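A.B. asks: You'll find entry-v8.txt just under this line, and it carries compact mmCIF, N, CA and C atoms.
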# COMPACT_ATOMS: atom_id res chain seq x y z
N MET A 225 -25.05 -2.74 31.60
CA MET A 225 -26.47 -2.52 31.46
C MET A 225 -26.81 -2.42 29.97
N PRO A 226 -27.73 -3.21 29.46
CA PRO A 226 -28.00 -3.22 28.03
C PRO A 226 -28.67 -1.94 27.53
N PHE A 227 -29.38 -1.21 28.37
CA PHE A 227 -30.08 -0.01 27.93
C PHE A 227 -29.45 1.21 28.59
N ALA A 228 -28.36 1.65 28.04
CA ALA A 228 -27.66 2.82 28.59
C ALA A 228 -28.39 4.10 28.21
N ASN A 229 -28.27 5.11 29.02
CA ASN A 229 -28.88 6.40 28.76
C ASN A 229 -28.13 7.08 27.60
N ARG A 230 -28.83 7.30 26.48
CA ARG A 230 -28.20 7.89 25.30
C ARG A 230 -27.83 9.34 25.53
N SER A 231 -28.61 10.07 26.30
CA SER A 231 -28.32 11.48 26.50
C SER A 231 -27.02 11.68 27.27
N ALA A 232 -26.66 10.73 28.12
CA ALA A 232 -25.40 10.84 28.85
C ALA A 232 -24.22 10.54 27.93
N ALA A 233 -24.43 9.68 26.94
CA ALA A 233 -23.35 9.32 26.03
C ALA A 233 -23.14 10.37 24.95
N CYS A 234 -24.15 11.15 24.64
CA CYS A 234 -24.06 12.14 23.58
C CYS A 234 -23.96 13.53 24.19
N PRO A 235 -22.77 14.15 24.12
CA PRO A 235 -22.63 15.49 24.70
C PRO A 235 -23.45 16.50 23.91
N PRO A 236 -23.83 17.62 24.52
CA PRO A 236 -24.60 18.63 23.80
C PRO A 236 -23.80 19.15 22.61
N CYS A 237 -24.49 19.40 21.52
CA CYS A 237 -23.86 19.85 20.30
C CYS A 237 -23.68 21.36 20.33
N ALA A 238 -22.58 21.82 19.84
CA ALA A 238 -22.35 23.26 19.72
C ALA A 238 -22.69 23.65 18.29
N VAL A 239 -23.80 24.34 18.10
CA VAL A 239 -24.25 24.74 16.79
C VAL A 239 -23.77 26.16 16.53
N PRO A 240 -23.13 26.41 15.40
CA PRO A 240 -22.65 27.75 15.12
C PRO A 240 -23.79 28.73 14.94
N THR A 241 -23.55 29.99 15.26
CA THR A 241 -24.58 31.01 15.11
C THR A 241 -24.61 31.61 13.72
N ARG A 242 -23.62 31.32 12.92
CA ARG A 242 -23.63 31.77 11.53
C ARG A 242 -23.25 30.58 10.65
N SER A 243 -23.52 30.70 9.36
CA SER A 243 -23.26 29.60 8.45
C SER A 243 -21.78 29.28 8.39
N PRO A 244 -21.45 27.99 8.43
CA PRO A 244 -20.04 27.64 8.34
C PRO A 244 -19.51 27.98 6.95
N ALA A 245 -18.36 28.61 6.89
CA ALA A 245 -17.80 29.08 5.63
C ALA A 245 -17.58 27.96 4.61
N PRO A 246 -17.05 26.78 5.00
CA PRO A 246 -16.76 25.77 3.99
C PRO A 246 -17.99 25.31 3.20
N ILE A 247 -19.10 25.11 3.84
CA ILE A 247 -20.26 24.60 3.12
C ILE A 247 -20.98 25.71 2.35
N ALA A 248 -20.86 26.95 2.79
CA ALA A 248 -21.55 28.05 2.13
C ALA A 248 -20.77 28.59 0.94
N SER A 249 -19.52 28.22 0.82
CA SER A 249 -18.66 28.75 -0.23
C SER A 249 -18.95 28.09 -1.58
N HIS A 250 -18.85 28.88 -2.64
CA HIS A 250 -19.04 28.32 -3.98
C HIS A 250 -17.82 27.52 -4.43
N SER A 251 -16.67 27.77 -3.81
CA SER A 251 -15.45 27.06 -4.21
C SER A 251 -15.35 25.67 -3.56
N THR A 252 -16.23 25.37 -2.61
CA THR A 252 -16.20 24.07 -1.95
C THR A 252 -16.79 23.02 -2.88
N THR A 253 -16.14 21.86 -2.93
CA THR A 253 -16.62 20.80 -3.82
C THR A 253 -17.90 20.17 -3.26
N SER A 254 -18.59 19.50 -4.13
CA SER A 254 -19.82 18.82 -3.74
C SER A 254 -19.55 17.72 -2.73
N ALA A 255 -18.40 17.06 -2.84
CA ALA A 255 -18.05 15.99 -1.91
C ALA A 255 -17.85 16.54 -0.50
N GLU A 256 -17.20 17.70 -0.38
CA GLU A 256 -16.99 18.31 0.93
C GLU A 256 -18.32 18.74 1.54
N LYS A 257 -19.19 19.30 0.73
CA LYS A 257 -20.52 19.68 1.23
C LYS A 257 -21.28 18.45 1.66
N SER A 258 -21.17 17.38 0.89
CA SER A 258 -21.85 16.14 1.24
C SER A 258 -21.35 15.58 2.56
N ASN A 259 -20.05 15.70 2.84
CA ASN A 259 -19.51 15.22 4.11
C ASN A 259 -20.10 15.99 5.29
N VAL A 260 -20.24 17.30 5.16
CA VAL A 260 -20.84 18.10 6.23
C VAL A 260 -22.29 17.70 6.43
N VAL A 261 -23.01 17.50 5.34
CA VAL A 261 -24.42 17.10 5.43
C VAL A 261 -24.54 15.72 6.05
N LEU A 262 -23.64 14.80 5.71
CA LEU A 262 -23.66 13.46 6.30
C LEU A 262 -23.40 13.52 7.80
N TYR A 263 -22.50 14.40 8.23
CA TYR A 263 -22.24 14.55 9.66
C TYR A 263 -23.50 15.05 10.37
N CYS A 264 -24.17 16.03 9.78
CA CYS A 264 -25.40 16.53 10.39
C CYS A 264 -26.48 15.45 10.41
N GLU A 265 -26.49 14.60 9.40
CA GLU A 265 -27.45 13.50 9.37
C GLU A 265 -27.17 12.50 10.48
N SER A 266 -25.90 12.31 10.82
CA SER A 266 -25.58 11.39 11.92
C SER A 266 -26.05 11.94 13.26
N LEU A 267 -26.16 13.25 13.37
CA LEU A 267 -26.66 13.88 14.60
C LEU A 267 -28.18 13.95 14.65
N ALA A 268 -28.83 13.76 13.52
CA ALA A 268 -30.27 14.01 13.40
C ALA A 268 -31.13 13.07 14.23
N SER A 269 -30.66 11.90 14.59
CA SER A 269 -31.51 10.96 15.33
C SER A 269 -31.65 11.34 16.80
N GLU A 270 -30.82 12.23 17.28
CA GLU A 270 -30.91 12.70 18.67
C GLU A 270 -31.86 13.91 18.69
N PRO A 271 -32.98 13.84 19.41
CA PRO A 271 -33.97 14.94 19.38
C PRO A 271 -33.41 16.30 19.76
N ARG A 272 -32.53 16.34 20.74
CA ARG A 272 -31.97 17.62 21.15
C ARG A 272 -31.10 18.23 20.05
N ALA A 273 -30.28 17.41 19.42
CA ALA A 273 -29.43 17.89 18.34
C ALA A 273 -30.25 18.29 17.12
N ALA A 274 -31.29 17.52 16.82
CA ALA A 274 -32.15 17.85 15.68
C ALA A 274 -32.85 19.19 15.90
N THR A 275 -33.30 19.44 17.11
CA THR A 275 -33.95 20.71 17.42
C THR A 275 -32.95 21.86 17.28
N LEU A 276 -31.74 21.67 17.79
CA LEU A 276 -30.71 22.72 17.68
C LEU A 276 -30.34 23.00 16.22
N LEU A 277 -30.18 21.96 15.44
CA LEU A 277 -29.80 22.15 14.04
C LEU A 277 -30.90 22.82 13.23
N LEU A 278 -32.15 22.44 13.46
CA LEU A 278 -33.24 23.05 12.69
C LEU A 278 -33.52 24.48 13.09
N ASN A 279 -33.18 24.87 14.30
CA ASN A 279 -33.41 26.23 14.74
C ASN A 279 -32.15 27.09 14.61
N SER A 280 -31.20 26.64 13.82
CA SER A 280 -29.95 27.37 13.61
C SER A 280 -29.88 27.84 12.15
N PRO A 281 -28.90 28.65 11.83
CA PRO A 281 -28.72 29.07 10.43
C PRO A 281 -28.42 27.91 9.47
N LEU A 282 -28.06 26.76 10.00
CA LEU A 282 -27.82 25.61 9.12
C LEU A 282 -29.09 25.19 8.38
N ALA A 283 -30.24 25.33 9.00
CA ALA A 283 -31.49 24.98 8.32
C ALA A 283 -31.71 25.90 7.12
N THR A 284 -31.41 27.18 7.28
CA THR A 284 -31.53 28.12 6.17
C THR A 284 -30.53 27.76 5.07
N LEU A 285 -29.33 27.41 5.47
CA LEU A 285 -28.31 27.03 4.50
C LEU A 285 -28.70 25.76 3.75
N PHE A 286 -29.21 24.75 4.47
CA PHE A 286 -29.66 23.53 3.82
C PHE A 286 -30.80 23.81 2.85
N ALA A 287 -31.73 24.68 3.23
CA ALA A 287 -32.84 25.01 2.35
C ALA A 287 -32.33 25.69 1.07
N ARG A 288 -31.36 26.58 1.24
CA ARG A 288 -30.80 27.26 0.07
C ARG A 288 -30.05 26.28 -0.83
N LEU A 289 -29.26 25.38 -0.23
CA LEU A 289 -28.53 24.40 -1.02
C LEU A 289 -29.47 23.41 -1.70
N LEU A 290 -30.56 23.09 -1.06
CA LEU A 290 -31.55 22.19 -1.67
C LEU A 290 -32.10 22.79 -2.95
N HIS A 291 -32.22 24.09 -2.97
CA HIS A 291 -32.76 24.79 -4.14
C HIS A 291 -31.71 25.05 -5.20
N THR A 292 -30.46 25.35 -4.80
CA THR A 292 -29.46 25.82 -5.76
C THR A 292 -28.42 24.80 -6.18
N SER A 293 -28.31 23.69 -5.50
CA SER A 293 -27.26 22.73 -5.81
C SER A 293 -27.50 22.06 -7.16
N PRO A 294 -26.47 22.05 -8.04
CA PRO A 294 -26.63 21.39 -9.33
C PRO A 294 -26.52 19.86 -9.23
N SER A 295 -25.98 19.36 -8.14
CA SER A 295 -25.76 17.92 -7.98
C SER A 295 -27.00 17.25 -7.38
N ALA A 296 -27.54 16.28 -8.10
CA ALA A 296 -28.70 15.54 -7.60
C ALA A 296 -28.33 14.73 -6.36
N ALA A 297 -27.10 14.23 -6.29
CA ALA A 297 -26.67 13.45 -5.13
C ALA A 297 -26.63 14.32 -3.88
N LEU A 298 -26.15 15.55 -4.01
CA LEU A 298 -26.12 16.46 -2.86
C LEU A 298 -27.53 16.87 -2.46
N ARG A 299 -28.40 17.12 -3.44
CA ARG A 299 -29.79 17.46 -3.12
C ARG A 299 -30.48 16.30 -2.40
N LEU A 300 -30.17 15.07 -2.80
CA LEU A 300 -30.73 13.90 -2.12
C LEU A 300 -30.26 13.84 -0.67
N ARG A 301 -28.97 14.07 -0.43
CA ARG A 301 -28.43 14.07 0.94
C ARG A 301 -29.08 15.16 1.78
N ILE A 302 -29.24 16.35 1.20
CA ILE A 302 -29.84 17.46 1.94
C ILE A 302 -31.31 17.17 2.24
N ALA A 303 -32.02 16.61 1.27
CA ALA A 303 -33.42 16.24 1.50
C ALA A 303 -33.52 15.19 2.59
N SER A 304 -32.60 14.25 2.59
CA SER A 304 -32.60 13.19 3.59
C SER A 304 -32.33 13.74 4.99
N VAL A 305 -31.35 14.65 5.11
CA VAL A 305 -31.04 15.21 6.43
C VAL A 305 -32.17 16.11 6.91
N LEU A 306 -32.79 16.88 6.03
CA LEU A 306 -33.91 17.72 6.45
C LEU A 306 -35.09 16.86 6.91
N ALA A 307 -35.33 15.76 6.20
CA ALA A 307 -36.41 14.86 6.61
C ALA A 307 -36.13 14.25 7.98
N ALA A 308 -34.88 13.81 8.20
CA ALA A 308 -34.53 13.22 9.50
C ALA A 308 -34.60 14.26 10.61
N LEU A 309 -34.14 15.47 10.33
CA LEU A 309 -34.19 16.53 11.34
C LEU A 309 -35.64 16.86 11.69
N LEU A 310 -36.49 16.96 10.68
CA LEU A 310 -37.90 17.25 10.93
C LEU A 310 -38.58 16.12 11.69
N ARG A 311 -38.18 14.90 11.42
CA ARG A 311 -38.77 13.74 12.08
C ARG A 311 -38.41 13.70 13.57
N HIS A 312 -37.20 14.15 13.93
CA HIS A 312 -36.73 13.99 15.30
C HIS A 312 -36.74 15.27 16.13
N ALA A 313 -36.96 16.42 15.50
CA ALA A 313 -36.97 17.68 16.26
C ALA A 313 -38.21 17.75 17.14
N THR A 314 -38.06 18.43 18.27
CA THR A 314 -39.18 18.54 19.20
C THR A 314 -39.80 19.93 19.24
N LEU A 315 -39.07 20.95 18.82
CA LEU A 315 -39.57 22.31 18.87
C LEU A 315 -38.98 23.10 17.70
N LEU A 316 -39.84 23.73 16.91
CA LEU A 316 -39.37 24.47 15.74
C LEU A 316 -39.74 25.94 15.84
N ASP A 317 -38.84 26.79 15.36
CA ASP A 317 -39.10 28.22 15.32
C ASP A 317 -40.05 28.51 14.16
N ARG A 318 -41.10 29.26 14.44
CA ARG A 318 -42.13 29.54 13.44
C ARG A 318 -41.56 30.27 12.23
N GLY A 319 -40.67 31.23 12.45
CA GLY A 319 -40.08 31.99 11.35
C GLY A 319 -39.29 31.12 10.40
N ILE A 320 -38.49 30.22 10.96
CA ILE A 320 -37.69 29.33 10.11
C ILE A 320 -38.59 28.39 9.32
N VAL A 321 -39.63 27.90 9.96
CA VAL A 321 -40.53 26.96 9.27
C VAL A 321 -41.27 27.65 8.13
N LEU A 322 -41.90 28.79 8.41
CA LEU A 322 -42.73 29.44 7.41
C LEU A 322 -41.94 30.15 6.32
N GLU A 323 -40.81 30.76 6.68
CA GLU A 323 -40.08 31.56 5.71
C GLU A 323 -39.00 30.77 4.97
N THR A 324 -38.51 29.71 5.56
CA THR A 324 -37.37 29.01 4.97
C THR A 324 -37.68 27.57 4.59
N LEU A 325 -38.04 26.76 5.57
CA LEU A 325 -38.18 25.33 5.32
C LEU A 325 -39.38 24.98 4.45
N LEU A 326 -40.53 25.52 4.76
CA LEU A 326 -41.73 25.16 4.00
C LEU A 326 -41.61 25.52 2.52
N PRO A 327 -41.20 26.75 2.17
CA PRO A 327 -41.04 27.03 0.73
C PRO A 327 -39.99 26.15 0.05
N ALA A 328 -38.88 25.87 0.75
CA ALA A 328 -37.84 25.02 0.16
C ALA A 328 -38.33 23.59 -0.04
N LEU A 329 -39.04 23.06 0.94
CA LEU A 329 -39.54 21.68 0.82
C LEU A 329 -40.61 21.57 -0.25
N LEU A 330 -41.47 22.58 -0.35
CA LEU A 330 -42.50 22.55 -1.40
C LEU A 330 -41.88 22.68 -2.78
N ALA A 331 -40.88 23.52 -2.93
CA ALA A 331 -40.20 23.65 -4.22
C ALA A 331 -39.46 22.37 -4.58
N ALA A 332 -38.90 21.68 -3.60
CA ALA A 332 -38.17 20.44 -3.87
C ALA A 332 -39.11 19.31 -4.28
N GLN A 333 -40.39 19.43 -3.99
CA GLN A 333 -41.34 18.38 -4.40
C GLN A 333 -41.46 18.29 -5.91
N THR A 334 -41.05 19.35 -6.61
CA THR A 334 -41.11 19.33 -8.07
C THR A 334 -39.77 19.00 -8.70
N ASP A 335 -38.81 18.55 -7.90
CA ASP A 335 -37.48 18.20 -8.41
C ASP A 335 -37.61 17.07 -9.42
N ARG A 336 -36.82 17.15 -10.47
CA ARG A 336 -36.87 16.12 -11.52
C ARG A 336 -36.38 14.77 -11.03
N ALA A 337 -35.44 14.79 -10.10
CA ALA A 337 -34.89 13.54 -9.58
C ALA A 337 -35.86 12.94 -8.56
N VAL A 338 -36.43 11.81 -8.88
CA VAL A 338 -37.42 11.15 -8.02
C VAL A 338 -36.85 10.81 -6.64
N PRO A 339 -35.60 10.33 -6.52
CA PRO A 339 -35.08 10.02 -5.18
C PRO A 339 -35.02 11.23 -4.26
N VAL A 340 -34.88 12.44 -4.81
CA VAL A 340 -34.84 13.64 -3.98
C VAL A 340 -36.21 13.89 -3.35
N ARG A 341 -37.27 13.58 -4.07
CA ARG A 341 -38.62 13.84 -3.57
C ARG A 341 -39.06 12.84 -2.51
N SER A 342 -38.52 11.62 -2.53
CA SER A 342 -38.98 10.57 -1.61
C SER A 342 -38.81 10.90 -0.13
N PRO A 343 -37.62 11.33 0.34
CA PRO A 343 -37.51 11.64 1.77
C PRO A 343 -38.38 12.82 2.19
N LEU A 344 -38.60 13.74 1.26
CA LEU A 344 -39.43 14.90 1.58
C LEU A 344 -40.89 14.50 1.75
N ARG A 345 -41.33 13.57 0.94
CA ARG A 345 -42.71 13.08 1.09
C ARG A 345 -42.87 12.34 2.41
N ALA A 346 -41.87 11.57 2.79
CA ALA A 346 -41.94 10.84 4.05
C ALA A 346 -41.97 11.80 5.23
N ALA A 347 -41.24 12.90 5.15
CA ALA A 347 -41.20 13.87 6.25
C ALA A 347 -42.48 14.68 6.32
N SER A 348 -43.19 14.81 5.21
CA SER A 348 -44.38 15.65 5.21
C SER A 348 -45.66 14.88 5.53
N ARG A 349 -45.54 13.57 5.81
CA ARG A 349 -46.73 12.80 6.20
C ARG A 349 -47.28 13.29 7.53
N PRO A 350 -48.61 13.39 7.65
CA PRO A 350 -49.18 13.80 8.93
C PRO A 350 -48.79 12.84 10.04
N GLY A 351 -48.39 13.39 11.16
CA GLY A 351 -48.03 12.58 12.31
C GLY A 351 -46.63 12.01 12.27
N SER A 352 -45.82 12.41 11.25
CA SER A 352 -44.48 11.85 11.18
C SER A 352 -43.51 12.55 12.11
N SER A 353 -43.88 13.72 12.61
CA SER A 353 -42.97 14.46 13.48
C SER A 353 -43.69 14.87 14.77
N PRO A 354 -43.03 14.69 15.91
CA PRO A 354 -43.64 15.12 17.17
C PRO A 354 -43.39 16.59 17.48
N ALA A 355 -42.79 17.31 16.53
CA ALA A 355 -42.37 18.69 16.79
C ALA A 355 -43.57 19.64 16.95
N ARG A 356 -43.36 20.62 17.79
CA ARG A 356 -44.33 21.71 17.94
C ARG A 356 -43.68 22.98 17.42
N VAL A 357 -44.47 23.81 16.75
CA VAL A 357 -43.96 25.06 16.21
C VAL A 357 -44.21 26.16 17.22
N CYS A 358 -43.16 26.93 17.53
CA CYS A 358 -43.31 28.07 18.45
C CYS A 358 -44.03 29.20 17.74
N ILE A 359 -44.96 29.80 18.44
CA ILE A 359 -45.71 30.94 17.86
C ILE A 359 -45.08 32.22 18.30
Output the file's structure as structure tokens, nothing else.

C.D. replies:
Amino acid sequence: MPFANRSAACPPCAVPTRSPAPIASHSTTSAEKSNVVLYCESLASEPRAATLLLNSPLATLFARLLHTSPSAALRLRIASVLAALLRHATLLDRGIVLETLLPALLAAQTDRAVPVRSPLRAASRPGSSPARVCI
């Protein structure tokens, strides 16, 4: 059958309840952090996984890394994954959006590296996300 059910092929993702130690550590290299972010980006196109990732501590961690990472390449990857997650998520926690994501995304709009700002602008376009924010 040419149109297989994607939800049957993609098992539910197990999202950790606390930040994973390797990506949160200062001793972890930028390449290792980038690999974790790339893996999350590969999951971002699935709405269920995007919703789980954005409503987990990983969203807070990505927002913090977007602000503190000295590497422009890593900030670009994080901006790209946050944009993809926002584009595909269906339900967002109000606390995470208002306290974590919105301030981080607004601060990243002033990033000196132009490529970092591009995915964030695409994600912030009206109507780009079908997500609803929980009150």

A.B. asks: Here is a test: counting all atoms listed in the file, which residue of A:Ala313, A:Leu329, A:Ala303, A:Val260 is nearest to Leu278 of chain A?

C.D. replies: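 Nearest to Leu278 of chain A: A:Ala313.
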
A.B. asks: So which one's closest to Ala274 of chain A, A:Leu298, A:Leu309, A:Leu326, A:Leu316? Using all atoms listed in the file, please.

C.D. replies: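 For Ala274 of chain A, the nearest of the given residues is A:Leu309.
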
A.B. asks: Using only N, CA and C atoms, which of A:Glu270, A:Val261, A:Glu256, A:Leu277 sits nearest Ile302 of chain A?

C.D. replies: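 Nearest to Ile302 of chain A: A:Val261.
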
A.B. asks: With all atoms listed in the file as the atoms that count, which of A:Ala296, A:Ala307, A:Cys264, A:Arg288 lies nearest to Ala328 of chain A?

C.D. replies: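 Smallest distance to Ala328 of chain A is found for A:Arg288.
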
A.B. asks: Could you check the closest approach to Ser280 of chain A for each of A:Arg301, A:Ser258, A:Ile320, A:Ala337 and tell me which residue wins, using only C-alpha atoms?

C.D. replies: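 Looking only at the distances to Ser280 of chain A, the closest residue turns out to be A:Ile320.
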
A.B. asks: Rounded to one decimal place, report the atom C of Ala268 of chain A-atom C of Thr334 of chain A distance in Å.

C.D. replies: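 So the answer is 25.2 Å.
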
A.B. asks: If you measure from atom C of Lys257 of chain A to atom N of Leu315 of chain A, what distance in Å do you get, rounded to one decimal?

C.D. replies: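 According to the coordinates, atom C of Lys257 of chain A and atom N of Leu315 of chain A are separated by 24.8 Å.
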
A.B. asks: With distances taken over only N, CA and C atoms, which of A:Asp335, A:Leu276, A:Ser254, A:Ala283 is nearest to Ala297 of chain A?

C.D. replies: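 The shortest atom-to-atom distance to Ala297 of chain A comes from A:Ser254.
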
A.B. asks: Between atom CA of Val305 of chain A and atom CA of Glu265 of chain A, what is the spacing in Å?

C.D. replies: 4.9 Å
